[in-house]
>>> print(open('start_6.pdb').read())   # PDB, N, CA and C atoms
MODEL        1
ATOM      1  N   MET A  54      35.538 125.678 -35.117
ATOM      2  CA  MET A  54      35.166 124.377 -35.640
ATOM      3  C   MET A  54      34.823 124.544 -37.119
ATOM      4  N   PRO A  55      35.411 123.689 -37.995
ATOM      5  CA  PRO A  55      35.133 123.815 -39.429
ATOM      6  C   PRO A  55      33.688 123.435 -39.749
ATOM      7  N   GLY A  56      33.177 124.070 -40.782
ATOM      8  CA  GLY A  56      31.814 123.799 -41.199
ATOM      9  C   GLY A  56      31.695 122.487 -41.954
ATOM     10  N   PRO A  57      30.460 122.060 -42.231
ATOM     11  CA  PRO A  57      30.252 120.793 -42.927
ATOM     12  C   PRO A  57      30.817 120.803 -44.354
ATOM     13  N   LEU A  58      30.811 121.946 -45.003
ATOM     14  CA  LEU A  58      31.348 122.026 -46.357
ATOM     15  C   LEU A  58      32.866 121.821 -46.359
ATOM     16  N   ALA A  59      33.544 122.410 -45.396
ATOM     17  CA  ALA A  59      34.997 122.256 -45.300
ATOM     18  C   ALA A  59      35.363 120.804 -45.024
ATOM     19  N   MET A  60      34.620 120.139 -44.169
ATOM     20  CA  MET A  60      34.902 118.734 -43.867
ATOM     21  C   MET A  60      34.649 117.857 -45.087
ATOM     22  N   LEU A  61      33.601 118.156 -45.833
ATOM     23  CA  LEU A  61      33.302 117.400 -47.041
ATOM     24  C   LEU A  61      34.412 117.570 -48.078
ATOM     25  N   LEU A  62      34.897 118.802 -48.248
ATOM     26  CA  LEU A  62      35.991 119.052 -49.184
ATOM     27  C   LEU A  62      37.267 118.348 -48.737
ATOM     28  N   ARG A  63      37.546 118.337 -47.457
ATOM     29  CA  ARG A  63      38.739 117.670 -46.941
ATOM     30  C   ARG A  63      38.662 116.164 -47.183
ATOM     31  N   ARG A  64      37.502 115.574 -46.922
ATOM     32  CA  ARG A  64      37.328 114.137 -47.157
ATOM     33  C   ARG A  64      37.442 113.793 -48.639
ATOM     34  N   THR A  65      36.872 114.640 -49.489
ATOM     35  CA  THR A  65      36.947 114.414 -50.935
ATOM     36  C   THR A  65      38.386 114.494 -51.417
ATOM     37  N   ALA A  66      39.141 115.453 -50.912
ATOM     38  CA  ALA A  66      40.543 115.589 -51.307
ATOM     39  C   ALA A  66      41.352 114.379 -50.852
ATOM     40  N   CYS A  67      41.130 113.917 -49.647
ATOM     41  CA  CYS A  67      41.861 112.738 -49.145
ATOM     42  C   CYS A  67      41.517 111.492 -49.953
ATOM     43  N   LEU A  68      40.250 111.317 -50.281
ATOM     44  CA  LEU A  68      39.828 110.159 -51.055
ATOM     45  C   LEU A  68      40.424 110.195 -52.466
ATOM     46  N   SER A  69      40.430 111.357 -53.103
ATOM     47  CA  SER A  69      40.997 111.445 -54.456
ATOM     48  C   SER A  69      42.507 111.216 -54.425
ATOM     49  N   LEU A  70      43.189 111.663 -53.388
ATOM     50  CA  LEU A  70      44.615 111.401 -53.255
ATOM     51  C   LEU A  70      44.885 109.911 -53.084
ATOM     52  N   LEU A  71      44.097 109.261 -52.280
ATOM     53  CA  LEU A  71      44.247 107.827 -52.053
ATOM     54  C   LEU A  71      44.020 107.039 -53.343
ATOM     55  N   ILE A  72      43.017 107.394 -54.104
ATOM     56  CA  ILE A  72      42.722 106.708 -55.365
ATOM     57  C   ILE A  72      43.844 106.932 -56.367
ATOM     58  N   SER A  73      44.358 108.151 -56.471
ATOM     59  CA  SER A  73      45.421 108.419 -57.446
ATOM     60  C   SER A  73      46.709 107.690 -57.082
ATOM     61  N   VAL A  74      47.020 107.565 -55.802
ATOM     62  CA  VAL A  74      48.205 106.814 -55.383
ATOM     63  C   VAL A  74      48.030 105.339 -55.706
ATOM     64  N   ALA A  75      46.849 104.800 -55.474
ATOM     65  CA  ALA A  75      46.586 103.387 -55.763
ATOM     66  C   ALA A  75      46.701 103.112 -57.259
ATOM     67  N   LEU A  76      46.183 103.983 -58.085
ATOM     68  CA  LEU A  76      46.269 103.794 -59.534
ATOM     69  C   LEU A  76      47.699 103.944 -60.034
ATOM     70  N   ALA A  77      48.461 104.843 -59.470
ATOM     71  CA  ALA A  77      49.836 105.045 -59.909
ATOM     72  C   ALA A  77      50.707 103.842 -59.584
ATOM     73  N   THR A  78      50.468 103.194 -58.457
ATOM     74  CA  THR A  78      51.293 102.048 -58.094
ATOM     75  C   THR A  78      50.926 100.810 -58.894
ATOM     76  N   THR A  79      49.686 100.666 -59.317
ATOM     77  CA  THR A  79      49.303  99.483 -60.081
ATOM     78  C   THR A  79      49.594  99.635 -61.568
ATOM     79  N   ALA A  80      49.820 100.848 -62.053
ATOM     80  CA  ALA A  80      50.046 101.055 -63.478
ATOM     81  C   ALA A  80      51.476 100.743 -63.891
ATOM     82  N   HIS A  81      52.381 100.624 -62.964
ATOM     83  CA  HIS A  81      53.787 100.372 -63.275
ATOM     84  C   HIS A  81      53.979  98.923 -63.706
ATOM     85  N   ALA A  82      54.593  98.742 -64.873
ATOM     86  CA  ALA A  82      54.830  97.390 -65.390
ATOM     87  C   ALA A  82      56.158  96.860 -64.859
ATOM     88  N   VAL A  83      56.192  95.601 -64.526
ATOM     89  CA  VAL A  83      57.391  94.930 -64.044
ATOM     90  C   VAL A  83      58.162  94.400 -65.247
ATOM     91  N   THR A  84      59.502  94.470 -65.208
ATOM     92  CA  THR A  84      60.333  93.950 -66.292
ATOM     93  C   THR A  84      61.134  92.761 -65.781
ATOM     94  N   VAL A  85      61.093  91.664 -66.528
ATOM     95  CA  VAL A  85      61.862  90.466 -66.188
ATOM     96  C   VAL A  85      62.716  90.082 -67.398
ATOM     97  N   GLY A  86      63.686  89.206 -67.187
ATOM     98  CA  GLY A  86      64.601  88.820 -68.254
ATOM     99  C   GLY A  86      64.113  87.661 -69.106
ATOM    100  N   ARG A  87      63.299  86.787 -68.530
ATOM    101  CA  ARG A  87      62.780  85.627 -69.272
ATOM    102  C   ARG A  87      61.298  85.473 -68.967
ATOM    103  N   GLU A  88      60.570  84.930 -69.925
ATOM    104  CA  GLU A  88      59.130  84.733 -69.722
ATOM    105  C   GLU A  88      58.867  83.683 -68.641
ATOM    106  N   GLN A  89      59.789  82.757 -68.436
ATOM    107  CA  GLN A  89      59.635  81.736 -67.399
ATOM    108  C   GLN A  89      59.717  82.343 -66.000
ATOM    109  N   ASP A  90      60.287  83.558 -65.877
ATOM    110  CA  ASP A  90      60.403  84.210 -64.577
ATOM    111  C   ASP A  90      59.088  84.802 -64.091
ATOM    112  N   ILE A  91      58.080  84.822 -64.962
ATOM    113  CA  ILE A  91      56.778  85.349 -64.572
ATOM    114  C   ILE A  91      56.055  84.264 -63.776
ATOM    115  N   GLY A  92      55.635  84.601 -62.574
ATOM    116  CA  GLY A  92      54.898  83.642 -61.759
ATOM    117  C   GLY A  92      53.443  83.602 -62.179
ATOM    118  N   ASP A  93      52.555  83.666 -61.219
ATOM    119  CA  ASP A  93      51.123  83.718 -61.510
ATOM    120  C   ASP A  93      50.775  85.101 -62.014
ATOM    121  N   LEU A  94      50.180  85.160 -63.181
ATOM    122  CA  LEU A  94      49.789  86.419 -63.801
ATOM    123  C   LEU A  94      48.335  86.695 -63.465
ATOM    124  N   LYS A  95      48.050  87.894 -62.996
ATOM    125  CA  LYS A  95      46.675  88.268 -62.661
ATOM    126  C   LYS A  95      45.970  88.819 -63.891
ATOM    127  N   LEU A  96      44.667  88.808 -63.862
ATOM    128  CA  LEU A  96      43.868  89.338 -64.960
ATOM    129  C   LEU A  96      44.144  90.829 -65.113
ATOM    130  N   GLY A  97      44.560  91.238 -66.315
ATOM    131  CA  GLY A  97      44.851  92.640 -66.587
ATOM    132  C   GLY A  97      46.269  93.062 -66.262
ATOM    133  N   GLN A  98      47.045  92.214 -65.608
ATOM    134  CA  GLN A  98      48.420  92.555 -65.255
ATOM    135  C   GLN A  98      49.304  92.529 -66.491
ATOM    136  N   ARG A  99      50.274  93.442 -66.554
ATOM    137  CA  ARG A  99      51.212  93.518 -67.674
ATOM    138  C   ARG A  99      52.625  93.346 -67.142
ATOM    139  N   VAL A 100      53.385  92.502 -67.812
ATOM    140  CA  VAL A 100      54.780  92.284 -67.450
ATOM    141  C   VAL A 100      55.610  92.420 -68.712
ATOM    142  N   GLN A 101      56.668  93.234 -68.646
ATOM    143  CA  GLN A 101      57.557  93.390 -69.785
ATOM    144  C   GLN A 101      58.679  92.373 -69.681
ATOM    145  N   VAL A 102      58.948  91.692 -70.808
ATOM    146  CA  VAL A 102      59.976  90.656 -70.855
ATOM    147  C   VAL A 102      61.059  91.119 -71.816
ATOM    148  N   ASP A 103      62.270  91.319 -71.294
ATOM    149  CA  ASP A 103      63.396  91.777 -72.109
ATOM    150  C   ASP A 103      64.274  90.579 -72.435
ATOM    151  N   ASP A 104      63.806  89.749 -73.379
ATOM    152  CA  ASP A 104      64.534  88.530 -73.722
ATOM    153  C   ASP A 104      65.151  88.588 -75.122
ATOM    154  N   GLY A 105      65.078  89.729 -75.795
ATOM    155  CA  GLY A 105      65.704  89.881 -77.103
ATOM    156  C   GLY A 105      64.897  89.361 -78.266
ATOM    157  N   THR A 106      63.647  88.989 -78.064
ATOM    158  CA  THR A 106      62.843  88.451 -79.159
ATOM    159  C   THR A 106      62.185  89.539 -79.995
ATOM    160  N   CYS A 107      62.123  90.762 -79.494
ATOM    161  CA  CYS A 107      61.495  91.860 -80.237
ATOM    162  C   CYS A 107      62.561  92.712 -80.916
ATOM    163  N   PRO A 108      62.174  93.490 -81.938
ATOM    164  CA  PRO A 108      63.135  94.359 -82.635
ATOM    165  C   PRO A 108      63.738  95.409 -81.698
ATOM    166  N   ALA A 109      64.790  96.079 -82.172
ATOM    167  CA  ALA A 109      65.453  97.120 -81.378
ATOM    168  C   ALA A 109      64.464  98.219 -81.006
ATOM    169  N   GLY A 110      64.541  98.684 -79.773
ATOM    170  CA  GLY A 110      63.647  99.738 -79.299
ATOM    171  C   GLY A 110      62.311  99.235 -78.809
ATOM    172  N   GLN A 111      62.105  97.906 -78.827
ATOM    173  CA  GLN A 111      60.850  97.335 -78.355
ATOM    174  C   GLN A 111      61.122  96.244 -77.332
ATOM    175  N   VAL A 112      60.113  95.948 -76.554
ATOM    176  CA  VAL A 112      60.196  94.903 -75.540
ATOM    177  C   VAL A 112      58.899  94.103 -75.583
ATOM    178  N   LYS A 113      58.964  92.837 -75.245
ATOM    179  CA  LYS A 113      57.765  91.993 -75.250
ATOM    180  C   LYS A 113      56.927  92.307 -74.013
ATOM    181  N   GLU A 114      55.627  92.492 -74.205
ATOM    182  CA  GLU A 114      54.710  92.725 -73.095
ATOM    183  C   GLU A 114      53.747  91.549 -73.008
ATOM    184  N   VAL A 115      53.749  90.874 -71.874
ATOM    185  CA  VAL A 115      52.855  89.742 -71.631
ATOM    186  C   VAL A 115      51.729  90.244 -70.746
ATOM    187  N   ARG A 116      50.492  89.933 -71.135
ATOM    188  CA  ARG A 116      49.316  90.413 -70.396
ATOM    189  C   ARG A 116      48.451  89.246 -69.966
ATOM    190  N   GLY A 117      47.842  89.395 -68.807
ATOM    191  CA  GLY A 117      46.815  88.463 -68.371
ATOM    192  C   GLY A 117      45.527  88.857 -69.071
ATOM    193  N   ALA A 118      45.151  88.108 -70.102
ATOM    194  CA  ALA A 118      44.104  88.568 -71.016
ATOM    195  C   ALA A 118      42.695  88.133 -70.628
ATOM    196  N   LYS A 119      42.527  86.851 -70.314
ATOM    197  CA  LYS A 119      41.165  86.339 -70.154
ATOM    198  C   LYS A 119      41.158  85.213 -69.135
ATOM    199  N   MET A 120      40.081  85.125 -68.369
ATOM    200  CA  MET A 120      39.927  84.027 -67.412
ATOM    201  C   MET A 120      39.451  82.783 -68.151
ATOM    202  N   THR A 121      40.102  81.657 -67.882
ATOM    203  CA  THR A 121      39.700  80.378 -68.445
ATOM    204  C   THR A 121      39.514  79.395 -67.287
ATOM    205  N   ASP A 122      39.142  78.162 -67.606
ATOM    206  CA  ASP A 122      38.991  77.145 -66.573
ATOM    207  C   ASP A 122      40.317  76.832 -65.894
ATOM    208  N   LYS A 123      41.422  77.006 -66.627
ATOM    209  CA  LYS A 123      42.749  76.671 -66.104
ATOM    210  C   LYS A 123      43.463  77.867 -65.486
ATOM    211  N   GLY A 124      42.829  79.017 -65.445
ATOM    212  CA  GLY A 124      43.456  80.217 -64.892
ATOM    213  C   GLY A 124      43.390  81.362 -65.879
ATOM    214  N   VAL A 125      44.390  82.221 -65.832
ATOM    215  CA  VAL A 125      44.436  83.403 -66.691
ATOM    216  C   VAL A 125      45.237  83.073 -67.944
ATOM    217  N   SER A 126      44.629  83.305 -69.119
ATOM    218  CA  SER A 126      45.357  83.082 -70.372
ATOM    219  C   SER A 126      46.215  84.308 -70.667
ATOM    220  N   ARG A 127      47.353  84.079 -71.312
ATOM    221  CA  ARG A 127      48.316  85.137 -71.587
ATOM    222  C   ARG A 127      48.327  85.498 -73.066
ATOM    223  N   THR A 128      48.571  86.763 -73.337
ATOM    224  CA  THR A 128      48.852  87.221 -74.693
ATOM    225  C   THR A 128      50.145  88.020 -74.638
ATOM    226  N   SER A 129      50.858  88.066 -75.760
ATOM    227  CA  SER A 129      52.092  88.851 -75.781
ATOM    228  C   SER A 129      52.184  89.620 -77.085
ATOM    229  N   ALA A 130      52.835  90.773 -77.006
ATOM    230  CA  ALA A 130      53.049  91.625 -78.174
ATOM    231  C   ALA A 130      54.280  92.478 -77.928
ATOM    232  N   CYS A 131      54.932  92.896 -78.999
ATOM    233  CA  CYS A 131      56.075  93.799 -78.895
ATOM    234  C   CYS A 131      55.548  95.226 -78.791
ATOM    235  N   VAL A 132      56.024  95.956 -77.787
ATOM    236  CA  VAL A 132      55.595  97.333 -77.553
ATOM    237  C   VAL A 132      56.838  98.217 -77.471
ATOM    238  N   PRO A 133      56.683  99.525 -77.709
ATOM    239  CA  PRO A 133      57.847 100.421 -77.603
ATOM    240  C   PRO A 133      58.439 100.397 -76.196
ATOM    241  N   ARG A 134      59.751 100.451 -76.135
ATOM    242  CA  ARG A 134      60.451 100.479 -74.851
ATOM    243  C   ARG A 134      60.454 101.907 -74.335
ATOM    244  N   TYR A 135      60.049 102.094 -73.095
ATOM    245  CA  TYR A 135      60.037 103.406 -72.465
ATOM    246  C   TYR A 135      61.017 103.407 -71.302
ATOM    247  N   GLY A 136      61.450 104.570 -70.914
ATOM    248  CA  GLY A 136      62.360 104.678 -69.790
ATOM    249  C   GLY A 136      63.804 104.765 -70.248
ATOM    250  N   PRO A 137      64.719 104.724 -69.302
ATOM    251  CA  PRO A 137      66.130 104.838 -69.663
ATOM    252  C   PRO A 137      66.618 103.642 -70.450
ATOM    253  N   LYS A 138      67.446 103.883 -71.416
ATOM    254  CA  LYS A 138      67.987 102.796 -72.236
ATOM    255  C   LYS A 138      69.139 102.165 -71.499
ATOM    256  N   SER A 139      69.170 100.831 -71.505
ATOM    257  CA  SER A 139      70.272 100.116 -70.861
ATOM    258  C   SER A 139      71.270  99.687 -71.932
ATOM    259  N   LYS A 140      72.542  99.682 -71.549
ATOM    260  CA  LYS A 140      73.580  99.300 -72.515
ATOM    261  C   LYS A 140      74.045  97.908 -72.286
TER     262      LYS A 140
ENDMDL
END
>>> encode(input="start_6.pdb", output="structure tokens")
Amino acid sequence: MPGPLAMLLRRTACLSLLISVALATTAHAVTVGREQDIGDLKLGQRVQVDDGTCPAGQVKEVRGAKMTDKGVSRTSACVPRYGPKSK
């Protein structure tokens, strides 16, 4: 039978794995072709919009910036494009 220290280490390892998987899945930004394709934006959510409005090598990033009476307000900025280049 494993000791209490081994069980504590096993639980800690499982919890840290669960947290890292959750953070990795939420950090991925979604890319859409038009800003109108974005549905309800959550606070802190980032969506990349590839609509050609930013200079070469950049893409527009729309963020859920602040809670208002009408919902989440959006901000947008051109950010460097990461990942494989599409032709």
>>> atom_distance(input="start_6.pdb", atom1="CA of Val83 in chain A", atom2="CA of Ser69 in chain A")
25.2 Å
>>> atom_distance(input="start_6.pdb", atom1="CA of Arg99 in chain A", atom2="CA of Glu114 in chain A")
6.5 Å
>>> residues_around(input="start_6.pdb", residues="range 106-110 of chain A", least_positions_apart="6", cutoff="7 Å", atoms="all atoms listed in the file", output="PDB file with N, CA and C atoms, keeping the file's coordinate frame")
ATOM      1  N   CYS A 131      54.932  92.896 -78.999  1.00  0.00           N
ATOM      2  CA  CYS A 131      56.075  93.799 -78.895  1.00  0.00           C
ATOM      3  C   CYS A 131      55.548  95.226 -78.791  1.00  0.00           C
ATOM      4  N   VAL A 132      56.024  95.956 -77.787  1.00  0.00           N
ATOM      5  CA  VAL A 132      55.595  97.333 -77.553  1.00  0.00           C
ATOM      6  C   VAL A 132      56.838  98.217 -77.471  1.00  0.00           C
ATOM      7  N   PRO A 133      56.683  99.525 -77.709  1.00  0.00           N
ATOM      8  CA  PRO A 133      57.847 100.421 -77.603  1.00  0.00           C
ATOM      9  C   PRO A 133      58.439 100.397 -76.196  1.00  0.00           C
ATOM     10  N   ARG A 134      59.751 100.451 -76.135  1.00  0.00           N
ATOM     11  CA  ARG A 134      60.451 100.479 -74.851  1.00  0.00           C
ATOM     12  C   ARG A 134      60.454 101.907 -74.335  1.00  0.00           C
ATOM     13  N   TYR A 135      60.049 102.094 -73.095  1.00  0.00           N
ATOM     14  CA  TYR A 135      60.037 103.406 -72.465  1.00  0.00           C
ATOM     15  C   TYR A 135      61.017 103.407 -71.302  1.00  0.00           C
TER      16      TYR A 135
END
>>> resolve_selection(input="start_6.pdb", expression="the PyMOL selection byres ((chain A and resi 116-123) around 6.5)", output="ChimeraX atom specification")
/A:94-100,114-115,124-130
>>> atom_distance(input="start_6.pdb", atom1="CA of Gln111 in chain A", atom2="CA of Glu88 in chain A")
15.4 Å
>>> axis_aligned_box(input="start_6.pdb", around="range 99-102 of chain A", padding_each_side="3 Å", output="lines of an AutoDock Vina configuration file")
center_x = 55.7
center_y = 92.1
center_z = -69.2
size_x = 16.8
size_y = 8.9
size_z = 11.3
>>> select_by_dssp(input="start_6.pdb", residues="range 74-131 of chain A", states="strand (DSSP E)", output="MDAnalysis selection string")
chainID A and resid 83:85 99:102 111:121 124:131
>>> resolve_selection(input="start_6.pdb", expression="the PyMOL selection byres ((chain A and resi 87) around 6.5)", output="list in words")
Val85, Gly86, Glu88, Gln89, Asp90, Ile91, Val102, Asp103 and Asp104 of chain A
